[in-house]
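Coordinates from start_11.csv are shown below (CSV, C-alpha atoms).
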```csv
chain,number,residue,atom,x,y,z
A,1,MET,CA,0.0,0.0,0.0
A,2,ASP,CA,1.3,3.5,-0.9
A,3,PRO,CA,1.5,5.3,2.5
A,4,THR,CA,1.0,8.6,0.9
A,5,ASN,CA,-2.6,7.6,0.0
A,6,THR,CA,-3.5,7.6,3.7
A,7,ILE,CA,-2.6,11.2,4.2
A,8,ALA,CA,-5.6,13.5,4.1
A,9,THR,CA,-5.2,16.9,2.6
A,10,PRO,CA,-4.0,19.1,5.4
A,11,PRO,CA,-5.6,22.5,6.2
A,12,LYS,CA,-3.9,25.7,5.0
A,13,ARG,CA,-0.7,26.0,7.1
A,14,LEU,CA,-0.3,28.9,9.4
A,15,GLU,CA,2.4,31.3,8.2
A,16,ARG,CA,5.2,31.9,10.7
A,17,ARG,CA,4.3,35.6,11.0
A,18,ASP,CA,0.7,34.6,11.8
A,19,LEU,CA,1.9,32.2,14.5
A,20,MET,CA,3.9,35.0,16.1
A,21,LYS,CA,0.7,37.1,16.3
A,22,LEU,CA,-1.3,34.2,17.6
A,23,THR,CA,0.9,33.1,20.4
A,24,GLY,CA,3.1,35.9,21.4
A,25,ALA,CA,6.5,36.5,20.0
A,26,GLY,CA,8.1,33.2,21.1
A,27,VAL,CA,5.7,30.3,20.9
A,28,ALA,CA,6.2,30.0,17.2
A,29,THR,CA,9.8,29.3,18.1
A,30,LEU,CA,8.8,26.9,20.8
A,31,ALA,CA,5.7,25.2,19.7
A,32,ALA,CA,4.4,25.5,16.2
A,33,ALA,CA,7.0,26.5,13.6
A,34,SER,CA,6.2,23.9,11.0
A,35,LEU,CA,7.0,25.5,7.7
A,36,PHE,CA,10.5,24.2,7.4
A,37,ASN,CA,12.2,20.8,7.3
A,38,LEU,CA,15.7,20.3,8.6
A,39,SER,CA,17.7,17.1,8.3
A,40,ASN,CA,17.8,14.8,11.3
A,41,ALA,CA,20.6,15.6,13.8
A,42,LYS,CA,23.0,12.7,14.5
A,43,ALA,CA,23.4,11.2,18.0
A,44,GLN,CA,26.5,12.4,19.7
A,45,THR,CA,29.4,10.5,21.2
A,46,MET,CA,31.1,11.8,24.4
A,47,THR,CA,34.1,14.0,23.9
A,48,ALA,CA,37.0,14.0,26.3
A,49,ASP,CA,37.8,17.6,25.6
A,50,TRP,CA,36.8,20.5,27.8
A,51,ASP,CA,34.3,22.1,25.4
A,52,LYS,CA,32.3,24.2,27.9
A,53,THR,CA,31.3,27.8,27.5
A,54,PHE,CA,32.9,28.6,30.8
A,55,PRO,CA,36.4,28.2,32.1
A,56,LYS,CA,37.5,25.2,34.2
A,57,SER,CA,37.8,25.7,37.9
A,58,ASP,CA,41.0,24.7,39.7
A,59,LYS,CA,38.9,24.1,42.8
A,60,VAL,CA,36.9,21.3,41.3
A,61,ASP,CA,37.4,17.8,40.0
A,62,HIS,CA,35.5,17.0,36.8
A,63,ARG,CA,34.7,13.9,34.9
A,64,LYS,CA,32.3,12.6,32.3
A,65,VAL,CA,29.8,10.0,33.4
A,66,THR,CA,26.9,8.1,31.9
A,67,PHE,CA,23.8,6.6,33.5
A,68,ARG,CA,20.4,5.2,32.3
A,69,ASN,CA,16.9,6.4,32.9
A,70,ARG,CA,14.0,4.0,33.5
A,71,TYR,CA,13.1,4.1,29.8
A,72,GLY,CA,16.6,2.6,29.0
A,73,ILE,CA,18.0,5.8,27.5
A,74,THR,CA,21.7,6.4,28.3
A,75,LEU,CA,22.3,9.9,29.6
A,76,SER,CA,25.6,11.8,29.5
A,77,GLY,CA,26.6,14.0,32.4
A,78,ASP,CA,29.5,16.1,33.8
A,79,LEU,CA,30.1,15.3,37.5
A,80,TYR,CA,31.8,18.1,39.5
A,81,LEU,CA,33.2,17.4,42.9
A,82,PRO,CA,35.0,19.8,45.3
A,83,ARG,CA,38.7,19.1,45.2
A,84,ASP,CA,39.1,19.4,49.0
A,85,ARG,CA,36.3,16.9,49.8
A,86,ALA,CA,38.6,14.3,51.5
A,87,ASP,CA,36.6,11.2,52.4
A,88,ARG,CA,33.4,13.0,53.6
A,89,ARG,CA,30.0,12.2,52.0
A,90,LEU,CA,28.7,15.2,50.3
A,91,ALA,CA,25.3,16.8,49.7
A,92,ALA,CA,24.6,16.5,46.0
A,93,LEU,CA,22.7,18.4,43.3
A,94,ALA,CA,21.3,17.3,39.9
A,95,VAL,CA,21.3,20.3,37.5
A,96,GLY,CA,19.4,20.6,34.2
A,97,GLY,CA,18.5,23.2,31.7
A,98,PRO,CA,17.8,25.5,30.0
A,99,PHE,CA,15.3,23.9,27.6
A,100,GLY,CA,17.2,23.3,24.4
A,101,ALA,CA,20.6,23.8,26.0
A,102,VAL,CA,23.4,21.3,26.8
A,103,LYS,CA,25.4,20.6,29.9
A,104,GLU,CA,28.3,22.5,28.5
A,105,GLN,CA,26.3,25.7,28.9
A,106,SER,CA,24.3,27.0,31.9
A,107,SER,CA,23.7,23.8,33.8
A,108,GLY,CA,27.5,23.0,33.8
A,109,LEU,CA,28.3,26.5,35.0
A,110,TYR,CA,25.8,26.1,37.9
A,111,ALA,CA,27.1,22.7,38.7
A,112,GLN,CA,30.7,23.8,38.8
A,113,MET,CA,30.0,26.8,40.9
A,114,MET,CA,28.0,24.7,43.4
A,115,ALA,CA,30.9,22.2,43.5
A,116,GLU,CA,33.2,25.1,44.5
A,117,ARG,CA,30.8,25.6,47.4
A,118,GLY,CA,31.1,22.1,48.6
A,119,PHE,CA,28.5,20.1,46.8
A,120,ALA,CA,28.7,17.1,44.4
A,121,ALA,CA,26.9,18.4,41.3
A,122,LEU,CA,25.8,16.6,38.2
A,123,ALA,CA,24.9,18.5,35.0
A,124,PHE,CA,23.4,16.3,32.4
A,125,ASP,CA,22.0,16.3,28.9
A,126,ALA,CA,18.3,15.5,28.4
A,127,SER,CA,17.2,12.4,26.6
A,128,PHE,CA,17.5,12.8,22.8
A,129,THR,CA,19.8,15.8,23.1
A,130,GLY,CA,23.5,16.7,23.4
A,131,GLU,CA,25.7,13.7,24.2
A,132,SER,CA,22.8,11.7,25.7
A,133,GLY,CA,21.2,8.8,23.8
A,134,GLY,CA,17.7,8.4,22.3
A,135,GLU,CA,16.4,8.6,18.8
A,136,PRO,CA,15.2,10.6,17.0
A,137,ARG,CA,17.4,13.5,17.9
A,138,ASN,CA,16.1,16.7,19.4
A,139,VAL,CA,12.7,15.7,20.7
A,140,ALA,CA,11.4,16.6,24.2
A,141,SER,CA,8.8,15.2,26.5
A,142,PRO,CA,7.5,16.5,29.9
A,143,ASP,CA,7.4,13.0,31.2
A,144,ILE,CA,10.7,11.7,29.9
A,145,ASN,CA,12.6,14.8,30.8
A,146,THR,CA,11.1,14.8,34.3
A,147,GLU,CA,12.3,11.2,34.5
A,148,ASP,CA,15.8,12.4,33.5
A,149,PHE,CA,16.0,14.3,36.7
A,150,SER,CA,15.1,11.2,38.7
A,151,ALA,CA,17.7,9.2,36.8
A,152,ALA,CA,20.3,11.7,37.8
A,153,VAL,CA,19.2,11.3,41.4
A,154,ASP,CA,19.6,7.5,40.9
A,155,TYR,CA,23.2,8.0,39.8
A,156,LEU,CA,24.0,10.4,42.6
A,157,GLY,CA,22.5,8.2,45.3
A,158,LEU,CA,24.8,5.3,44.2
A,159,HIS,CA,28.0,7.5,44.1
A,160,PRO,CA,30.5,6.8,47.0
A,161,SER,CA,31.1,10.5,47.5
A,162,VAL,CA,27.4,11.3,48.0
A,163,ASP,CA,25.1,11.1,51.0
A,164,ARG,CA,22.0,9.9,49.3
A,165,GLU,CA,19.7,11.4,51.9
A,166,ARG,CA,21.0,14.9,51.0
A,167,ILE,CA,20.1,15.3,47.3
A,168,GLY,CA,18.5,18.4,45.8
A,169,VAL,CA,17.8,19.6,42.2
A,170,ILE,CA,18.3,22.8,40.3
A,171,GLY,CA,16.3,23.5,37.1
A,172,ILE,CA,17.1,26.4,34.8
A,173,CYS,CA,14.6,28.0,32.4
A,174,GLY,CA,12.4,25.3,30.9
A,175,TRP,CA,14.0,22.8,33.2
A,176,GLY,CA,12.8,24.8,36.2
A,177,GLY,CA,9.3,23.4,35.6
A,178,MET,CA,10.8,19.9,35.1
A,179,ALA,CA,12.7,20.2,38.4
A,180,LEU,CA,9.5,21.1,40.3
A,181,ASN,CA,7.6,18.3,38.6
A,182,ALA,CA,10.4,15.8,39.5
A,183,ALA,CA,10.5,17.0,43.1
A,184,ALA,CA,6.7,16.6,43.4
A,185,VAL,CA,6.9,12.9,42.4
A,186,ASP,CA,10.3,11.9,43.6
A,187,LYS,CA,10.4,12.0,47.4
A,188,ARG,CA,14.2,11.4,47.5
A,189,VAL,CA,14.6,15.0,46.4
A,190,LYS,CA,15.0,17.0,49.6
A,191,ALA,CA,15.0,20.6,48.2
A,192,VAL,CA,14.5,22.2,44.8
A,193,VAL,CA,15.5,25.4,43.1
A,194,ALA,CA,14.0,26.7,39.8
A,195,SER,CA,16.0,29.6,38.3
A,196,THR,CA,14.6,31.9,35.6
A,197,MET,CA,11.8,29.3,35.3
A,198,TYR,CA,9.6,28.5,32.3
A,199,ASP,CA,6.6,26.2,32.5
A,200,MET,CA,7.0,24.6,29.1
A,201,THR,CA,3.6,23.0,29.1
A,202,ARG,CA,1.9,26.3,29.8
A,203,VAL,CA,3.8,28.3,27.2
A,204,MET,CA,3.4,25.7,24.5
A,205,SER,CA,-0.3,25.2,25.1
A,206,LYS,CA,-1.3,28.8,26.0
A,207,GLY,CA,1.4,31.0,24.5
A,208,TYR,CA,3.2,33.8,26.3
A,209,ASN,CA,1.0,35.5,29.0
A,210,ASP,CA,-1.7,32.8,28.2
A,211,SER,CA,-2.6,34.7,25.0
A,212,VAL,CA,-3.7,31.7,22.9
A,213,THR,CA,-7.4,31.3,22.4
A,214,LEU,CA,-9.1,27.9,22.2
A,215,GLU,CA,-9.6,28.4,18.4
A,216,GLN,CA,-5.9,29.1,18.0
A,217,ARG,CA,-4.9,26.1,20.1
A,218,THR,CA,-7.2,23.9,18.1
A,219,GLN,CA,-5.7,25.2,14.9
A,220,MET,CA,-2.2,24.4,16.1
A,221,LEU,CA,-3.1,20.9,17.3
A,222,GLU,CA,-4.8,20.2,13.9
A,223,GLN,CA,-1.6,21.2,12.1
A,224,LEU,CA,0.6,19.2,14.5
A,225,SER,CA,-1.6,16.2,14.4
A,226,ARG,CA,-1.5,16.1,10.6
A,227,GLN,CA,2.3,16.5,10.7
A,228,ARG,CA,2.4,13.0,12.3
A,229,TRP,CA,1.1,11.5,9.0
A,230,GLU,CA,3.8,13.3,7.1
A,231,ASP,CA,6.4,12.1,9.5
A,232,ALA,CA,5.0,8.5,9.4
A,233,ALA,CA,5.0,8.5,5.6
A,234,ASN,CA,8.6,9.8,5.5
A,235,GLY,CA,9.8,7.4,8.2
A,236,ALA,CA,11.5,10.3,10.1
A,237,PRO,CA,10.4,13.5,11.8
A,238,ALA,CA,10.5,16.9,10.2
A,239,TYR,CA,12.3,19.7,12.1
A,240,GLN,CA,11.4,23.2,13.0
A,241,PRO,CA,13.5,26.2,11.7
A,242,PRO,CA,16.9,26.9,13.2
A,243,TYR,CA,16.5,28.4,16.6
A,244,ASN,CA,17.5,31.9,17.5
A,245,ASP,CA,18.1,33.3,14.1
A,246,LEU,CA,17.3,37.0,13.9
A,247,LYS,CA,15.5,38.5,10.9
A,248,GLY,CA,14.9,41.9,12.4
A,249,GLY,CA,12.2,43.4,14.5
A,250,GLU,CA,12.1,40.6,17.2
A,251,ALA,CA,11.1,41.2,20.7
A,252,GLN,CA,14.0,42.0,23.1
A,253,PHE,CA,13.9,38.6,24.8
A,254,LEU,CA,14.5,36.9,21.5
A,255,VAL,CA,17.4,39.2,20.9
A,256,ASP,CA,18.7,38.2,24.3
A,257,TYR,CA,18.4,34.5,23.4
A,258,HIS,CA,20.4,35.1,20.3
A,259,ASP,CA,23.0,37.0,22.3
A,260,TYR,CA,23.5,34.0,24.4
A,261,TYR,CA,23.0,31.0,22.1
A,262,ARG,CA,24.4,32.3,18.8
A,263,THR,CA,27.4,34.3,19.9
A,264,PRO,CA,30.7,33.1,21.5
A,265,ARG,CA,29.2,34.0,24.9
A,266,GLY,CA,27.1,30.8,25.0
A,267,TYR,CA,27.2,29.1,21.6
A,268,HIS,CA,27.6,25.3,21.6
A,269,ALA,CA,27.3,23.2,18.5
A,270,ARG,CA,25.3,20.5,20.2
A,271,ALA,CA,22.6,22.8,21.7
A,272,VAL,CA,19.2,22.8,20.1
A,273,ASN,CA,19.0,26.5,20.7
A,274,SER,CA,22.3,27.2,19.0
A,275,GLY,CA,21.0,27.1,15.5
A,276,ASN,CA,19.6,23.6,15.6
A,277,SER,CA,15.9,22.7,16.2
A,278,TRP,CA,13.3,20.5,17.8
A,279,THR,CA,11.1,18.2,15.9
A,280,ARG,CA,8.0,19.8,14.6
A,281,THR,CA,5.8,17.6,16.7
A,282,THR,CA,7.7,18.1,20.0
A,283,PRO,CA,4.9,20.4,21.3
A,284,LEU,CA,2.2,17.7,21.2
A,285,SER,CA,2.8,16.1,24.6
A,286,PHE,CA,3.5,19.5,26.2
A,287,MET,CA,0.2,20.8,25.1
A,288,ASN,CA,-1.7,18.0,26.8
A,289,MET,CA,0.2,17.3,30.0
A,290,PRO,CA,0.5,20.2,32.6
A,291,LEU,CA,3.7,20.0,34.5
A,292,LEU,CA,2.9,21.7,37.8
A,293,THR,CA,-0.4,20.0,38.6
A,294,TYR,CA,1.0,18.5,41.8
A,295,ILE,CA,3.4,21.3,42.9
A,296,LYS,CA,1.8,21.5,46.4
A,297,GLU,CA,3.0,17.9,47.0
A,298,ILE,CA,6.6,19.1,47.1
A,299,SER,CA,5.8,20.4,50.6
A,300,PRO,CA,7.1,20.0,53.3
A,301,ARG,CA,10.3,20.0,51.3
A,302,PRO,CA,11.4,23.6,50.4
A,303,VAL,CA,11.1,25.4,47.1
A,304,LEU,CA,13.3,28.4,46.0
A,305,LEU,CA,12.3,30.3,42.9
A,306,ILE,CA,14.7,32.8,41.5
A,307,HIS,CA,13.8,35.2,38.7
A,308,GLY,CA,15.0,38.5,37.2
A,309,GLU,CA,13.0,41.6,37.8
A,310,LYS,CA,13.1,42.5,34.1
A,311,ALA,CA,12.6,39.0,32.7
A,312,HIS,CA,9.7,38.5,30.3
A,313,SER,CA,9.1,35.2,32.0
A,314,HIS,CA,8.8,36.3,35.6
A,315,TYR,CA,5.1,35.5,35.7
A,316,PHE,CA,5.9,31.7,35.5
A,317,SER,CA,7.7,31.9,38.9
A,318,GLU,CA,5.1,34.1,40.4
A,319,THR,CA,2.3,31.6,39.5
A,320,ALA,CA,4.4,28.7,40.7
A,321,TYR,CA,5.1,30.4,43.9
A,322,ALA,CA,1.4,31.1,44.5
A,323,ALA,CA,0.6,27.5,43.8
A,324,ALA,CA,3.3,25.9,45.9
A,325,ALA,CA,2.8,25.1,49.6
A,326,GLU,CA,5.2,26.2,52.3
A,327,PRO,CA,8.1,26.3,52.8
A,328,LYS,CA,8.7,28.4,49.7
A,329,GLU,CA,10.6,31.5,48.7
A,330,LEU,CA,10.6,33.7,45.6
A,331,MET,CA,13.8,35.7,45.1
A,332,ILE,CA,13.6,38.6,42.5
A,333,ILE,CA,17.0,39.8,41.2
A,334,PRO,CA,16.8,43.6,40.7
A,335,GLY,CA,17.5,44.7,37.1
A,336,ALA,CA,18.1,41.1,35.8
A,337,SER,CA,16.7,39.8,32.5
A,338,HIS,CA,15.8,36.2,31.8
A,339,VAL,CA,19.1,35.3,30.1
A,340,ASP,CA,21.2,37.1,32.8
A,341,LEU,CA,20.6,34.1,35.0
A,342,TYR,CA,22.1,31.8,32.5
A,343,ASP,CA,25.7,32.7,32.9
A,344,LYS,CA,26.3,36.0,34.6
A,345,VAL,CA,28.2,34.9,37.7
A,346,ASP,CA,27.9,38.4,39.3
A,347,VAL,CA,24.1,38.2,38.9
A,348,ILE,CA,23.2,34.6,39.7
A,349,PRO,CA,23.0,34.4,43.5
A,350,PHE,CA,25.2,31.3,44.0
A,351,ASP,CA,25.8,32.1,47.6
A,352,LYS,CA,22.1,32.2,48.2
A,353,LEU,CA,21.8,28.8,46.5
A,354,ALA,CA,24.6,27.4,48.7
A,355,SER,CA,23.0,28.7,51.9
A,356,PHE,CA,19.6,27.3,50.8
A,357,PHE,CA,20.9,23.9,50.1
A,358,ASN,CA,23.3,23.9,53.1
A,359,ARG,CA,20.3,24.6,55.3
A,360,HIS,CA,17.9,22.1,53.8
A,361,LEU,CA,20.4,19.3,52.9
A,362,ALA,CA,22.1,19.5,56.3
A,363,ALA,CA,23.6,16.2,57.6
```

Can the structure in the file be given as structure tokens, please?
Amino acid sequence: MDPTNTIATPPKRLERRDLMKLTGAGVATLAAASLFNLSNAKAQTMTADWDKTFPKSDKVDHRKVTFRNRYGITLSGDLYLPRDRADRRLAALAVGGPFGAVKEQSSGLYAQMMAERGFAALAFDASFTGESGGEPRNVASPDINTEDFSAAVDYLGLHPSVDRERIGVIGICGWGGMALNAAAVDKRVKAVVASTMYDMTRVMSKGYNDSVTLEQRTQMLEQLSRQRWEDAANGAPAYQPPYNDLKGGEAQFLVDYHDYYRTPRGYHARAVNSGNSWTRTTPLSFMNMPLLTYIKEISPRPVLLIHGEKAHSHYFSETAYAAAAEPKELMIIPGASHVDLYDKVDVIPFDKLASFFNRHLAA
């Protein structure tokens, strides 16, 4: 049977400029950009080189590690340990994000900085991205990526340098929502920080500032659903346009993303956000599976939300803070944008992070 005969004629596709109007300036980039087809990215093998976007610390021991999640996907990570740890068992942190980034970027910086402050810290690539396994490449899932955090906790809890009863998680940007979701379900996590948080299920299903109407959501789902037939007929997924290209006239936060991901400041060839792209159908599960449904169940374990005063995304943290139960804290960084909390070590409150985890992961 010719598989193309099973494909119904799709509705007229939304133009990219129309999607930008529908969903706010960024959801086209995140959720529904389906006009373009990119070749499938190849799975990566682990490099022994220091290929981070930040300098190596002489106060920290670093090594590459692998571990598996419960779906059988092998994840790649960078483990950072304080050099002066001696034989003591350490409190440990699993660090992920941002959404579409790799461990050589923000999560690795956070992990190394926390290792300098006495923690064992594991930055890792999400399933299907970076040096981690999984096919096809560059696809995301609110369930599988939440599981990736728990798999990192598995690894840390078995490490001889770690006290398994003193494990926390840090999620950056879109992985802030994943970290909160993981903490809600995984009771081994004793404390959680979400920095410059996005709720990816909310932004993909409702647009920025919840601007998408039911009609617009239905139109996007109709288009994405029919994309599945095209992918099935082709035997491989189609990909969105390259991320963080600038054409002119973009909102400031998109310019900020470009300044991080597409310049020497934060560019990394393996990152989805550095000119690569997600599959076109990646938004489907995010549009149907709210991440923060059970955020209250993190309590009585503590939550710290950190966000920039000038970040376009601050409302995600404000909503999460309102929904969470005590103990909880929302820390607003004066004058900071969303991307400032990716890599600006004079802006990211690392000492606050250390005091939070020292207090709540105490021996």

Spatial sel., origin (2.4, 16.0, 46.7), limit 10 Å, all atoms listed in the file, listed as a CSV table (one decimal) with C-alpha atoms, in the coordinates of the input:
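Full text of selection06.csv as output:
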```csv
chain,number,residue,atom,x,y,z
A,181,ASN,CA,7.6,18.3,38.6
A,183,ALA,CA,10.5,17.0,43.1
A,184,ALA,CA,6.7,16.6,43.4
A,185,VAL,CA,6.9,12.9,42.4
A,186,ASP,CA,10.3,11.9,43.6
A,187,LYS,CA,10.4,12.0,47.4
A,293,THR,CA,-0.4,20.0,38.6
A,294,TYR,CA,1.0,18.5,41.8
A,295,ILE,CA,3.4,21.3,42.9
A,296,LYS,CA,1.8,21.5,46.4
A,297,GLU,CA,3.0,17.9,47.0
A,298,ILE,CA,6.6,19.1,47.1
A,299,SER,CA,5.8,20.4,50.6
A,300,PRO,CA,7.1,20.0,53.3
A,301,ARG,CA,10.3,20.0,51.3
A,324,ALA,CA,3.3,25.9,45.9
A,325,ALA,CA,2.8,25.1,49.6
```

Notebook entry, point to check: In Å, with one decimal, what is the gap from atom CA of A:Gly335 to atom CA of A:Tyr261?
Noted result: 21.0 Å

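With distances taken over all atoms listed in the file, A:Gly96 is the one residue among A:Gly249, A:Pro241, A:Gly96, A:Gly275 lying closest to A:Val192.
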
Margin query: Would you pick out the contacts of A:Ile144 at 10 Å or less, using all atoms listed in the file, so that residues sharing its chain but fewer than 2 positions from it are not included, and give the list as a PyMOL selection string?
Written below: chain A and resi 69-71+73+126-128+140-142+146-150+178

Check: Neighbours of A:Pro237 within 8 Å (all atoms listed in the file; same-chain residues fewer than 2 positions away dropped), as a list in words?
Finding: Asn40, Pro136, Asp231, Ala232, Asn234, Gly235, Tyr239, Thr279, Arg280 and Thr281 of chain A

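Among the candidate residues A:Leu254, A:Leu284, A:Gly108, A:Ile333, the one lying nearest to A:Lys56 is A:Gly108, with distances computed using all atoms listed in the file.
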
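Look at A:Gly157: the protein and nucleic acid residues within 9 Å of it, using all atoms listed in the file and passing over chain neighbours fewer than 5 places away, are A:Ala92, A:Ala152, A:Val162, A:Asp163, A:Arg164, A:Glu165, A:Arg166, A:Ile167.
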
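Take atom CA of A:Val212 and atom CA of A:Asn138: the distance between them is 25.1 Å.
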
Write out as a compact mmCIF listing (two decimals) with C-alpha atoms, in the coordinates of the input the residues lying within 8 Å of A:Tyr80, counting all atoms listed in the file and excluding same-chain residues fewer than 6 positions away.
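So the final result, stored in part-v2.txt, reads:
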```txt
# COMPACT_ATOMS: atom_id res chain seq x y z
CA VAL A 60 36.90 21.30 41.30
CA ASP A 61 37.40 17.80 40.00
CA HIS A 62 35.50 17.00 36.80
CA ARG A 63 34.70 13.90 34.90
CA ALA A 111 27.10 22.70 38.70
CA GLN A 112 30.70 23.80 38.80
CA ALA A 115 30.90 22.20 43.50
CA ALA A 120 28.70 17.10 44.40
CA ALA A 121 26.90 18.40 41.30
CA LEU A 122 25.80 16.60 38.20
```

Check: Of the residues A:Gly248, A:Phe316, A:Ala236, A:Gly118, which is the one nearest to A:Asp210, using only C-alpha atoms?
Finding: A:Phe316

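When only C-alpha atoms are used to compute distances to A:Val193, the closest of the residues A:Val345, A:Ala91, A:Ala48, A:Leu353 turns out to be A:Leu353.
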
Checklist line | Shortest interatomic distance to A:Leu361 - which of A:Val153, A:Val189, A:Leu75, A:Ile170, counting all atoms listed in the file | finding: A:Val189

Margin query: If I take atom CA of A:Gly308 and atom CA of A:Met197, how far is one from the other in Å, to one decimal?
Written below: 9.9 Å

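Using all atoms listed in the file for every distance, the candidate list A:Ala182, A:Thr218, A:Leu158, A:Gly100 yields A:Gly100 as the residue closest to A:Pro242.
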
Check: If we count only C-alpha atoms, what is near A:Leu109 at a cut-off of 9 Å, once residues fewer than 2 positions away on the same chain are taken out, given as a ChimeraX atom specification?
Finding: /A:52-55,103-107,111-114,123,342-343,345
